[in-house]
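So the structure is just underneath, and the comments pick up after that.
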Amino acid sequence: MKNYVEFIDVGHEYTLADGQRMRALSPINFNIQRHEFVSVVGPSGCGKSTLLRLLSGLIQPTEGEVRIFDKPVTEPQDEVGIVFQKPTLLPWKNVLDNVLFPLRHKFGRVLPADKQRASQLLEMAGLGSYQQHMPGELSGGMQQRVGIVRALLLSPDILILDEPFSALDALTREEMGFELLRICREQKKTVLFITHSISEAVLLSDRVVVLGGRPGELVDNIEIDLPGQRDNSTLQHPDFAAYTRTIRNYICAPHKTGEQEKTGESAKTDEPRKAVSPHKGAA
Ligand code: ADP
Ligand code: MG
């Protein structure tokens, strides 16, 4: 399968107000395939949001190149939609107008067809009967769904979400994760999902990219070979615990896997590999 998104030796240094350079990300390599759901996990400050800004074209890497479908990303891209941690809805506009806002801002007007599509997307996200409600009348989870629909209305091929559910309670969060997965599959999106929740990453993803350290570096890139239909039963799958344990070990004792400790090999890899599950031989 062709790589859709490529991070090629991408590193980043911020320039601080006093002119000093601060390295946020050591050069990393990884790819995302079309319609893949890839999560990035890692401790706070390891460069996850920096990765998002680089892919979205909001900032340019100081080293290497980000490519989308073979083209370098040099500015914000129409094919990339972003969902941030907080949905930042306009409190004085109703749900439908909030969703339509970026289109209105971009083109100066909204066509009846846009309104129809917005309504369909809201319907799909379970918000069909809330279109005329004001944001303040919705729960946190519903507001976040409005934020997701707003990003989807611009029809991006790629959706990047930066810790979108971190303000939600655990149950709503799990529900929202499955909902997001359903929507992204239905809409055939390529997804980069940033989270600090290891279980959320394993539960939802085809692949998990693990970052660690400060500056951040790629620790592992793990294919999650769990049944395609993800739901509450996935949590009971024996491999689920093995995957989360593998990633937790990286994050708690960063940069060396058991295997690598034996061989002295570096933990950095750009090739996805399968995590080892206990009943397949090793932990
Ligand atoms: P994460 O999202 O994993 O918490 P970030 O990508 O936000 O990490 O930040 C990585 C590092 O870069 C941190 O040390 C942070 O302080 C620094 N950083 C992030 N944004 C900026 C910025 N605009 N200017 C300077 N340093 C920044
Ligand atoms: Mg962040």
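Ordered as shown in the structure tokens, chains take letters A, B, and onward, while each chain numbers its residues from 1 and ligands are numbered from 1 in the order shown.
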
Q: Extract the full set of alpha helix (DSSP H) residues from region 55-176 of chain A according to DSSP on the backbone, and format it as a ChimeraX atom specification.
A: /A:55-56,95-107,112-124,140-153,170-176

Q.
Would you pick out the contacts of region 53-64 of chain A at 6 Å or less, using only C-alpha atoms, so that residues sharing its chain but fewer than 2 positions from it are not included, and give the list as JSON, numbers by chain?
A. {"A": [8, 9, 10, 11, 12, 50, 51, 73, 74, 75, 76]}

Could you take the residues named above and write them with all heavy atoms, as a PDB file, in the first residue's frame?
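Written out: selection19.pdb:
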ATOM      1  N   ILE A   8       9.821  12.334   7.054  1.00  0.00           N
ATOM      2  CA  ILE A   8      11.148  11.905   6.618  1.00  0.00           C
ATOM      3  C   ILE A   8      12.206  12.706   7.374  1.00  0.00           C
ATOM      4  O   ILE A   8      12.348  13.915   7.151  1.00  0.00           O
ATOM      5  CB  ILE A   8      11.319  12.107   5.095  1.00  0.00           C
ATOM      6  CG1 ILE A   8      10.151  11.415   4.342  1.00  0.00           C
ATOM      7  CG2 ILE A   8      12.668  11.592   4.609  1.00  0.00           C
ATOM      8  CD1 ILE A   8      10.022  11.837   2.894  1.00  0.00           C
ATOM      9  N   ASP A   9      12.874  12.043   8.323  1.00  0.00           N
ATOM     10  CA  ASP A   9      13.912  12.703   9.140  1.00  0.00           C
ATOM     11  C   ASP A   9      13.421  14.036   9.706  1.00  0.00           C
ATOM     12  O   ASP A   9      14.151  15.023   9.711  1.00  0.00           O
ATOM     13  CB  ASP A   9      15.187  12.946   8.306  1.00  0.00           C
ATOM     14  CG  ASP A   9      15.810  11.634   7.863  1.00  0.00           C
ATOM     15  OD1 ASP A   9      15.770  10.665   8.649  1.00  0.00           O
ATOM     16  OD2 ASP A   9      16.318  11.568   6.727  1.00  0.00           O
ATOM     17  N   VAL A  10      12.176  14.053  10.157  1.00  0.00           N
ATOM     18  CA  VAL A  10      11.576  15.308  10.610  1.00  0.00           C
ATOM     19  C   VAL A  10      11.973  15.616  12.052  1.00  0.00           C
ATOM     20  O   VAL A  10      11.681  14.848  12.972  1.00  0.00           O
ATOM     21  CB  VAL A  10      10.032  15.248  10.496  1.00  0.00           C
ATOM     22  CG1 VAL A  10       9.401  16.472  11.144  1.00  0.00           C
ATOM     23  CG2 VAL A  10       9.616  15.138   9.042  1.00  0.00           C
ATOM     24  N   GLY A  11      12.646  16.740  12.232  1.00  0.00           N
ATOM     25  CA  GLY A  11      12.987  17.205  13.569  1.00  0.00           C
ATOM     26  C   GLY A  11      12.551  18.647  13.698  1.00  0.00           C
ATOM     27  O   GLY A  11      12.302  19.329  12.699  1.00  0.00           O
ATOM     28  N   HIS A  12      12.425  19.099  14.951  1.00  0.00           N
ATOM     29  CA  HIS A  12      12.014  20.496  15.095  1.00  0.00           C
ATOM     30  C   HIS A  12      12.631  21.171  16.310  1.00  0.00           C
ATOM     31  O   HIS A  12      12.665  20.618  17.404  1.00  0.00           O
ATOM     32  CB  HIS A  12      10.495  20.620  15.171  1.00  0.00           C
ATOM     33  CG  HIS A  12      10.045  22.030  15.003  1.00  0.00           C
ATOM     34  ND1 HIS A  12      10.117  22.691  13.795  1.00  0.00           N
ATOM     35  CD2 HIS A  12       9.583  22.943  15.883  1.00  0.00           C
ATOM     36  CE1 HIS A  12       9.701  23.931  13.940  1.00  0.00           C
ATOM     37  NE2 HIS A  12       9.371  24.104  15.208  1.00  0.00           N
ATOM     38  N   THR A  50       3.630  19.122  18.591  1.00  0.00           N
ATOM     39  CA  THR A  50       4.544  19.624  17.559  1.00  0.00           C
ATOM     40  C   THR A  50       4.369  18.810  16.276  1.00  0.00           C
ATOM     41  O   THR A  50       4.315  19.371  15.179  1.00  0.00           O
ATOM     42  CB  THR A  50       5.998  19.552  18.075  1.00  0.00           C
ATOM     43  OG1 THR A  50       6.089  20.355  19.259  1.00  0.00           O
ATOM     44  CG2 THR A  50       6.993  20.042  17.048  1.00  0.00           C
ATOM     45  N   LEU A  51       4.225  17.493  16.425  1.00  0.00           N
ATOM     46  CA  LEU A  51       3.977  16.633  15.258  1.00  0.00           C
ATOM     47  C   LEU A  51       2.714  17.067  14.529  1.00  0.00           C
ATOM     48  O   LEU A  51       2.675  17.135  13.308  1.00  0.00           O
ATOM     49  CB  LEU A  51       3.752  15.182  15.711  1.00  0.00           C
ATOM     50  CG  LEU A  51       4.899  14.211  15.735  1.00  0.00           C
ATOM     51  CD1 LEU A  51       4.357  12.808  15.958  1.00  0.00           C
ATOM     52  CD2 LEU A  51       5.678  14.254  14.439  1.00  0.00           C
ATOM     53  N   VAL A  73       4.711  19.365   2.629  1.00  0.00           N
ATOM     54  CA  VAL A  73       3.737  20.248   3.280  1.00  0.00           C
ATOM     55  C   VAL A  73       4.438  21.560   3.601  1.00  0.00           C
ATOM     56  O   VAL A  73       5.328  21.600   4.439  1.00  0.00           O
ATOM     57  CB  VAL A  73       3.222  19.599   4.590  1.00  0.00           C
ATOM     58  CG1 VAL A  73       2.265  20.534   5.313  1.00  0.00           C
ATOM     59  CG2 VAL A  73       2.551  18.273   4.300  1.00  0.00           C
ATOM     60  N   THR A  74       4.050  22.635   2.927  1.00  0.00           N
ATOM     61  CA  THR A  74       4.725  23.916   3.157  1.00  0.00           C
ATOM     62  C   THR A  74       3.787  24.965   3.740  1.00  0.00           C
ATOM     63  O   THR A  74       4.201  26.059   4.077  1.00  0.00           O
ATOM     64  CB  THR A  74       5.307  24.464   1.837  1.00  0.00           C
ATOM     65  OG1 THR A  74       4.249  24.484   0.872  1.00  0.00           O
ATOM     66  CG2 THR A  74       6.431  23.585   1.315  1.00  0.00           C
ATOM     67  N   GLU A  75       2.504  24.645   3.829  1.00  0.00           N
ATOM     68  CA  GLU A  75       1.523  25.586   4.390  1.00  0.00           C
ATOM     69  C   GLU A  75       0.285  24.785   4.817  1.00  0.00           C
ATOM     70  O   GLU A  75       0.173  23.606   4.481  1.00  0.00           O
ATOM     71  CB  GLU A  75       1.130  26.624   3.341  1.00  0.00           C
ATOM     72  CG  GLU A  75       0.568  25.972   2.089  1.00  0.00           C
ATOM     73  CD  GLU A  75       0.302  26.955   0.963  1.00  0.00           C
ATOM     74  OE1 GLU A  75       0.457  28.159   1.161  1.00  0.00           O
ATOM     75  OE2 GLU A  75      -0.082  26.481  -0.115  1.00  0.00           O
ATOM     76  N   PRO A  76      -0.636  25.412   5.559  1.00  0.00           N
ATOM     77  CA  PRO A  76      -1.831  24.657   5.955  1.00  0.00           C
ATOM     78  C   PRO A  76      -2.560  24.086   4.736  1.00  0.00           C
ATOM     79  O   PRO A  76      -2.677  24.740   3.706  1.00  0.00           O
ATOM     80  CB  PRO A  76      -2.671  25.717   6.675  1.00  0.00           C
ATOM     81  CG  PRO A  76      -1.658  26.665   7.219  1.00  0.00           C
ATOM     82  CD  PRO A  76      -0.573  26.730   6.180  1.00  0.00           C
TER      83      PRO A  76
END

Quick one: contact table of chain A to ligand 2, 8 Å max, nearest atom pair and distance in Å to one decimal per residue, counting only C-alpha atoms and all ligand atoms, chain and number order, as CSV?
residue,atom,partner,partner_atom_place_in_ligand_line,distance
A:Ser44,CA,ligand 2,1 (Mg),6.7
A:Gly45,CA,ligand 2,1 (Mg),6.9
A:Gly47,CA,ligand 2,1 (Mg),7.0
A:Lys48,CA,ligand 2,1 (Mg),5.4
A:Ser49,CA,ligand 2,1 (Mg),4.1
A:Thr50,CA,ligand 2,1 (Mg),7.3
A:Asp162,CA,ligand 2,1 (Mg),6.7
A:Glu163,CA,ligand 2,1 (Mg),7.2
A:Ile194,CA,ligand 2,1 (Mg),7.9

Q: Determine, counting only C-alpha atoms, which protein, DNA and RNA residues have an atom within 8 Å of an atom of region 177-191 of chain A; residues of the same chain fewer than 6 positions away are not included. Present the result as a list in words.
A: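 Residues near the query, excluding close chain neighbours: Ile32, Gln33, Arg34, His35, Glu36, Phe37, Val38, Ser39, Met124, Ala125, Pro156, Asp157, Ile158, Leu159, Ile160, Leu161, Glu200, Leu204, Arg230 and Asp231 of chain A.
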
Go ahead and dump the residues you just picked, N, CA, C and O atoms, as an mmCIF file, in the first residue's frame.
data_model
loop_
_atom_site.group_PDB
_atom_site.id
_atom_site.type_symbol
_atom_site.label_atom_id
_atom_site.label_comp_id
_atom_site.auth_asym_id
_atom_site.auth_seq_id
_atom_site.Cartn_x
_atom_site.Cartn_y
_atom_site.Cartn_z
ATOM 1 N N ILE A 32 2.161 7.046 7.328
ATOM 2 C CA ILE A 32 0.768 6.671 7.579
ATOM 3 C C ILE A 32 0.159 6.278 6.232
ATOM 4 O O ILE A 32 0.355 6.991 5.239
ATOM 5 N N GLN A 33 -0.526 5.157 6.214
ATOM 6 C CA GLN A 33 -1.151 4.741 4.965
ATOM 7 C C GLN A 33 -2.569 5.275 4.874
ATOM 8 O O GLN A 33 -3.169 5.642 5.884
ATOM 9 N N ARG A 34 -3.064 5.316 3.646
ATOM 10 C CA ARG A 34 -4.410 5.854 3.433
ATOM 11 C C ARG A 34 -5.439 5.036 4.230
ATOM 12 O O ARG A 34 -5.383 3.813 4.227
ATOM 13 N N HIS A 35 -6.311 5.744 4.903
ATOM 14 C CA HIS A 35 -7.402 5.167 5.696
ATOM 15 C C HIS A 35 -6.913 4.439 6.946
ATOM 16 O O HIS A 35 -7.675 3.711 7.579
ATOM 17 N N GLU A 36 -5.668 4.654 7.283
ATOM 18 C CA GLU A 36 -5.145 4.067 8.511
ATOM 19 C C GLU A 36 -5.498 4.986 9.690
ATOM 20 O O GLU A 36 -5.549 6.208 9.524
ATOM 21 N N PHE A 37 -5.713 4.384 10.850
ATOM 22 C CA PHE A 37 -5.946 5.134 12.089
ATOM 23 C C PHE A 37 -4.697 4.943 12.942
ATOM 24 O O PHE A 37 -4.452 3.854 13.451
ATOM 25 N N VAL A 38 -3.893 5.996 13.021
ATOM 26 C CA VAL A 38 -2.617 5.900 13.750
ATOM 27 C C VAL A 38 -2.676 6.800 14.974
ATOM 28 O O VAL A 38 -3.052 7.972 14.866
ATOM 29 N N SER A 39 -2.319 6.256 16.121
ATOM 30 C CA SER A 39 -2.239 7.078 17.325
ATOM 31 C C SER A 39 -0.796 7.395 17.645
ATOM 32 O O SER A 39 0.107 6.604 17.344
ATOM 33 N N MET A 124 -25.319 12.120 11.753
ATOM 34 C CA MET A 124 -24.447 10.952 11.878
ATOM 35 C C MET A 124 -23.735 10.929 13.235
ATOM 36 O O MET A 124 -23.471 9.875 13.793
ATOM 37 N N ALA A 125 -23.440 12.118 13.752
ATOM 38 C CA ALA A 125 -22.739 12.193 15.034
ATOM 39 C C ALA A 125 -23.702 12.178 16.214
ATOM 40 O O ALA A 125 -23.305 12.431 17.357
ATOM 41 N N PRO A 156 -11.898 16.991 4.846
ATOM 42 C CA PRO A 156 -10.474 16.684 4.805
ATOM 43 C C PRO A 156 -10.273 15.185 4.607
ATOM 44 O O PRO A 156 -11.070 14.392 5.100
ATOM 45 N N ASP A 157 -9.219 14.810 3.876
ATOM 46 C CA ASP A 157 -8.893 13.379 3.761
ATOM 47 C C ASP A 157 -8.237 12.905 5.048
ATOM 48 O O ASP A 157 -8.329 11.743 5.415
ATOM 49 N N ILE A 158 -7.524 13.851 5.661
ATOM 50 C CA ILE A 158 -6.757 13.507 6.860
ATOM 51 C C ILE A 158 -7.343 14.267 8.044
ATOM 52 O O ILE A 158 -7.580 15.471 7.952
ATOM 53 N N LEU A 159 -7.562 13.555 9.121
ATOM 54 C CA LEU A 159 -8.075 14.196 10.325
ATOM 55 C C LEU A 159 -7.016 14.030 11.416
ATOM 56 O O LEU A 159 -6.566 12.911 11.677
ATOM 57 N N ILE A 160 -6.604 15.159 12.009
ATOM 58 C CA ILE A 160 -5.660 15.069 13.122
ATOM 59 C C ILE A 160 -6.388 15.524 14.368
ATOM 60 O O ILE A 160 -7.031 16.573 14.360
ATOM 61 N N LEU A 161 -6.295 14.733 15.412
ATOM 62 C CA LEU A 161 -6.972 15.090 16.658
ATOM 63 C C LEU A 161 -5.937 15.111 17.775
ATOM 64 O O LEU A 161 -5.188 14.148 17.962
ATOM 65 N N GLU A 200 -6.528 3.965 25.273
ATOM 66 C CA GLU A 200 -7.327 4.580 24.202
ATOM 67 C C GLU A 200 -6.633 4.379 22.848
ATOM 68 O O GLU A 200 -7.268 4.046 21.843
ATOM 69 N N LEU A 204 -8.309 1.969 19.748
ATOM 70 C CA LEU A 204 -8.861 2.560 18.526
ATOM 71 C C LEU A 204 -8.007 2.367 17.283
ATOM 72 O O LEU A 204 -8.505 2.499 16.170
ATOM 73 N N ARG A 230 -13.892 -2.753 16.693
ATOM 74 C CA ARG A 230 -13.459 -2.397 18.045
ATOM 75 C C ARG A 230 -14.671 -1.983 18.876
ATOM 76 O O ARG A 230 -15.447 -1.115 18.474
ATOM 77 N N ASP A 231 -14.811 -2.613 20.011
ATOM 78 C CA ASP A 231 -15.893 -2.253 20.930
ATOM 79 C C ASP A 231 -15.473 -2.690 22.335
ATOM 80 O O ASP A 231 -14.296 -3.010 22.556
#

Q) Which residues come within 10 Å of region 20-23 of chain A, counting only C-alpha atoms, excluding same-chain residues fewer than 2 positions away, as JSON, numbers by chain? A) {"A": [11, 12, 13, 14, 15, 16, 17, 18, 25, 26, 47, 62, 214, 215, 216]}

Q.
Considering only strand (DSSP E or B) as DSSP defines it on the backbone, what residues of region 22-177 of chain A qualify? List them as a PyMOL selection string.
A. chain A and resi 22-33+37-41+63-68+71-72+80-83+158-162

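Proximity of A:Leu226, A:Val41, A:Ala242, A:Tyr4 to Val208 (chain A), computed with only C-alpha atoms, is greatest for A:Val41.
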
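For the residues A:Val5, A:Ile251, A:Leu52, A:Leu89, ranking by smallest atom-to-atom distance to ligand 1 using only C-alpha atoms and all ligand atoms places A:Leu52 first.
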
Q: Find, counting only C-alpha atoms, the residue in A:Gly136, A:Gln120, A:Gly212, A:Leu235 that gets nearest to Asn249 (chain A).
A: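 The shortest atom-to-atom distance to Asn249 (chain A) comes from A:Gly212.
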
Q) Quick one: distance from CA of Tyr250 (chain A) to CA of Gly213 (chain A) in Å, one decimal? A)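 Separating CA of Tyr250 (chain A) from CA of Gly213 (chain A) is a distance of 10.4 Å.
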
**Q.** Nearest to Gly141 (chain A) by atom-to-atom distance, counting only C-alpha atoms, from A:Gln85, A:Thr246, A:Ser129, A:Ser119
**A.**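 Selected residue with least distance to Gly141 (chain A): A:Gln85.
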
(Q) Measuring between only C-alpha atoms, which one of A:Lys86, A:His196, A:Arg245, A:His237 shows the shortest distance to Arg145 (chain A)? (A)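 The shortest atom-to-atom distance to Arg145 (chain A) comes from A:Lys86.
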
Q | Contacts of Val149 (chain A) at 7 Å (only C-alpha atoms; same-chain gap of 3+ positions) as a list in words | A | Val99, Leu121, Leu122, Arg145, Val146, Leu152 and Leu153 of chain A

Q | Near-Lys93 (chain A) list (12 Å; only C-alpha atoms; drop same-chain fewer than 6 positions) as a PyMOL selection string | A | chain A and resi 99-101+131-137
